[in-house]
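Structure first, commentary second.
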Amino acid sequence: MKKMTKQNGWIKVPLKSKVYSLPAIYSAGYVFMDKAYTYLEPEGKDGVAVWLTPKKKGADLDVLAKDFIQELMSYSNYFSRLTANADGMKLLMQRALFAAPPAAAKEAEEKEIQDLIRELEAEEQKENKKVKK
């Protein structure tokens with residue numbers, strides 16, 4: 001990891017995009033929205049620099065950067081686990097969906113259609129009342 005640098009109340013956290021994905025960086029930045037102002041910029045061929053400045057006066061920049069890195073690690077782990085387990089989750093969802101008896105699925109579908117028809121009829125009645133006025 002490159003060295004973090006401080007400048008005018010901001011701390012720069014340089015990251016390699018080979019190590020941390022952009023979705024993980026965005027997610028960590030989103031979580032930090034209540035703690036810090038965040039600015040991202042490209043750095044070199046394969047890097048991203050995250051600039052942080054605390055919203056709270058007097059907050060320690062080093063602690064802020066370390067907390068951001070911890071959050072980033074958490075999201076990196078989440079996204080890597082999500083990718084690794086995607087096939088298993090897909091298989092489980094397929095089994096759950098196909099395990100439902102066809103009669104129950106058809107009944108739910110018919111109920112949904114009836115509810116939709118009722119909503120459309122109610123909207124049509126409202127429109128007719130507006131036109132009559």
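Order determines the names: the first chain of the structure tokens is A, the second B, and so forth; residues in each chain are numbered 1 upward, and ligands are numbered 1 upward as they are shown.
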
Contacts of segment 16-21 of chain A within 8 Å, only C-alpha atoms, excl. fewer than 3 positions in-chain, as a PyMOL selection string: chain A and resi 1+24-25+46-48+72+76

Enumerate, in order of chain and increasing residue number, the residues of segment 53-126 of chain A with an atom no farther than 12 Å from segment 27-34 of chain A, each with its shortest atom pair and distance in Å to one decimal, counting only C-alpha atoms, as JSON lines.
{"residue": "A:Thr53", "atom": "CA", "partner": "A:Phe32", "partner_atom": "CA", "distance": 10.4}
{"residue": "A:Pro54", "atom": "CA", "partner": "A:Asp34", "partner_atom": "CA", "distance": 9.1}
{"residue": "A:Lys55", "atom": "CA", "partner": "A:Asp34", "partner_atom": "CA", "distance": 7.5}
{"residue": "A:Lys56", "atom": "CA", "partner": "A:Asp34", "partner_atom": "CA", "distance": 9.5}
{"residue": "A:Leu64", "atom": "CA", "partner": "A:Phe32", "partner_atom": "CA", "distance": 9.3}
{"residue": "A:Ala65", "atom": "CA", "partner": "A:Phe32", "partner_atom": "CA", "distance": 10.4}
{"residue": "A:Lys66", "atom": "CA", "partner": "A:Ala28", "partner_atom": "CA", "distance": 11.9}
{"residue": "A:Asp67", "atom": "CA", "partner": "A:Phe32", "partner_atom": "CA", "distance": 9.1}
{"residue": "A:Phe68", "atom": "CA", "partner": "A:Ala28", "partner_atom": "CA", "distance": 6.7}
{"residue": "A:Ile69", "atom": "CA", "partner": "A:Ala28", "partner_atom": "CA", "distance": 8.3}
{"residue": "A:Gln70", "atom": "CA", "partner": "A:Ala28", "partner_atom": "CA", "distance": 8.9}
{"residue": "A:Glu71", "atom": "CA", "partner": "A:Ala28", "partner_atom": "CA", "distance": 5.5}
{"residue": "A:Leu72", "atom": "CA", "partner": "A:Ala28", "partner_atom": "CA", "distance": 5.2}
{"residue": "A:Met73", "atom": "CA", "partner": "A:Ala28", "partner_atom": "CA", "distance": 8.7}
{"residue": "A:Ser74", "atom": "CA", "partner": "A:Ala28", "partner_atom": "CA", "distance": 8.4}
{"residue": "A:Tyr75", "atom": "CA", "partner": "A:Ala28", "partner_atom": "CA", "distance": 6.7}
{"residue": "A:Ser76", "atom": "CA", "partner": "A:Ala28", "partner_atom": "CA", "distance": 9.2}
{"residue": "A:Asn77", "atom": "CA", "partner": "A:Ala28", "partner_atom": "CA", "distance": 11.8}
{"residue": "A:Tyr78", "atom": "CA", "partner": "A:Ser27", "partner_atom": "CA", "distance": 10.5}
{"residue": "A:Phe79", "atom": "CA", "partner": "A:Ser27", "partner_atom": "CA", "distance": 10.2}

Sel. of strand (DSSP E or B) residues, segment 2-41 of chain A, as an NGL selection string: :A and (5-7 or 10-16 or 36-41)

Put those residues in a file: N, CA and C atoms, as a PDB file, in the first residue's frame.
ATOM      1  N   THR A   5      -1.224  10.372   2.593  1.00  0.00           N
ATOM      2  CA  THR A   5      -0.698  11.726   2.753  1.00  0.00           C
ATOM      3  C   THR A   5      -1.813  12.659   3.209  1.00  0.00           C
ATOM      4  N   LYS A   6      -1.417  13.675   3.953  1.00  0.00           N
ATOM      5  CA  LYS A   6      -2.361  14.674   4.468  1.00  0.00           C
ATOM      6  C   LYS A   6      -2.119  15.995   3.753  1.00  0.00           C
ATOM      7  N   GLN A   7      -3.233  16.698   3.497  1.00  0.00           N
ATOM      8  CA  GLN A   7      -3.104  17.987   2.832  1.00  0.00           C
ATOM      9  C   GLN A   7      -4.359  18.821   3.112  1.00  0.00           C
ATOM     10  N   TRP A  10      -7.378  17.163   4.640  1.00  0.00           N
ATOM     11  CA  TRP A  10      -7.799  15.951   3.935  1.00  0.00           C
ATOM     12  C   TRP A  10      -6.708  14.902   4.095  1.00  0.00           C
ATOM     13  N   ILE A  11      -7.100  13.630   4.013  1.00  0.00           N
ATOM     14  CA  ILE A  11      -6.122  12.548   3.975  1.00  0.00           C
ATOM     15  C   ILE A  11      -6.385  11.737   2.717  1.00  0.00           C
ATOM     16  N   LYS A  12      -5.306  11.425   2.027  1.00  0.00           N
ATOM     17  CA  LYS A  12      -5.385  10.670   0.772  1.00  0.00           C
ATOM     18  C   LYS A  12      -5.054   9.210   1.059  1.00  0.00           C
ATOM     19  N   VAL A  13      -5.979   8.330   0.664  1.00  0.00           N
ATOM     20  CA  VAL A  13      -5.786   6.891   0.825  1.00  0.00           C
ATOM     21  C   VAL A  13      -5.637   6.294  -0.573  1.00  0.00           C
ATOM     22  N   PRO A  14      -4.398   5.991  -0.996  1.00  0.00           N
ATOM     23  CA  PRO A  14      -4.193   5.415  -2.325  1.00  0.00           C
ATOM     24  C   PRO A  14      -4.526   3.917  -2.329  1.00  0.00           C
ATOM     25  N   LEU A  15      -5.250   3.484  -3.348  1.00  0.00           N
ATOM     26  CA  LEU A  15      -5.673   2.085  -3.438  1.00  0.00           C
ATOM     27  C   LEU A  15      -5.378   1.533  -4.829  1.00  0.00           C
ATOM     28  N   LYS A  16      -5.102   0.273  -4.908  1.00  0.00           N
ATOM     29  CA  LYS A  16      -4.912  -0.413  -6.184  1.00  0.00           C
ATOM     30  C   LYS A  16      -6.240  -1.066  -6.581  1.00  0.00           C
ATOM     31  N   ALA A  36     -17.627  11.510   6.941  1.00  0.00           N
ATOM     32  CA  ALA A  36     -16.620  12.274   6.198  1.00  0.00           C
ATOM     33  C   ALA A  36     -17.118  12.647   4.811  1.00  0.00           C
ATOM     34  N   TYR A  37     -16.515  13.707   4.291  1.00  0.00           N
ATOM     35  CA  TYR A  37     -16.686  14.028   2.888  1.00  0.00           C
ATOM     36  C   TYR A  37     -15.682  13.164   2.142  1.00  0.00           C
ATOM     37  N   THR A  38     -16.104  12.607   1.025  1.00  0.00           N
ATOM     38  CA  THR A  38     -15.269  11.675   0.293  1.00  0.00           C
ATOM     39  C   THR A  38     -15.123  12.125  -1.155  1.00  0.00           C
ATOM     40  N   TYR A  39     -13.923  12.031  -1.671  1.00  0.00           N
ATOM     41  CA  TYR A  39     -13.646  12.387  -3.048  1.00  0.00           C
ATOM     42  C   TYR A  39     -12.774  11.292  -3.650  1.00  0.00           C
ATOM     43  N   LEU A  40     -13.144  10.809  -4.833  1.00  0.00           N
ATOM     44  CA  LEU A  40     -12.372   9.773  -5.512  1.00  0.00           C
ATOM     45  C   LEU A  40     -11.717  10.359  -6.750  1.00  0.00           C
ATOM     46  N   GLU A  41     -10.492   9.908  -7.013  1.00  0.00           N
ATOM     47  CA  GLU A  41      -9.832  10.313  -8.248  1.00  0.00           C
ATOM     48  C   GLU A  41      -8.959   9.175  -8.741  1.00  0.00           C
TER      49      GLU A  41
END

Members of segment 7-80 of chain A assigned helix (DSSP H, G or I) by DSSP, as a PyMOL selection string: chain A and resi 22-34+61-80

Computed interatomic separation between atom CA of Ala105 of chain A and atom CA of Asn85 of chain A (Å): 27.4 Å

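Across the structure, atom CA of Lys57 of chain A and atom CA of Gly9 of chain A are spaced 10.0 Å apart.
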
From A:Pro23, A:Glu127, A:Leu52, A:Gln114, residue lying nearest Ser80 of chain A [only C-alpha atoms]: A:Pro23
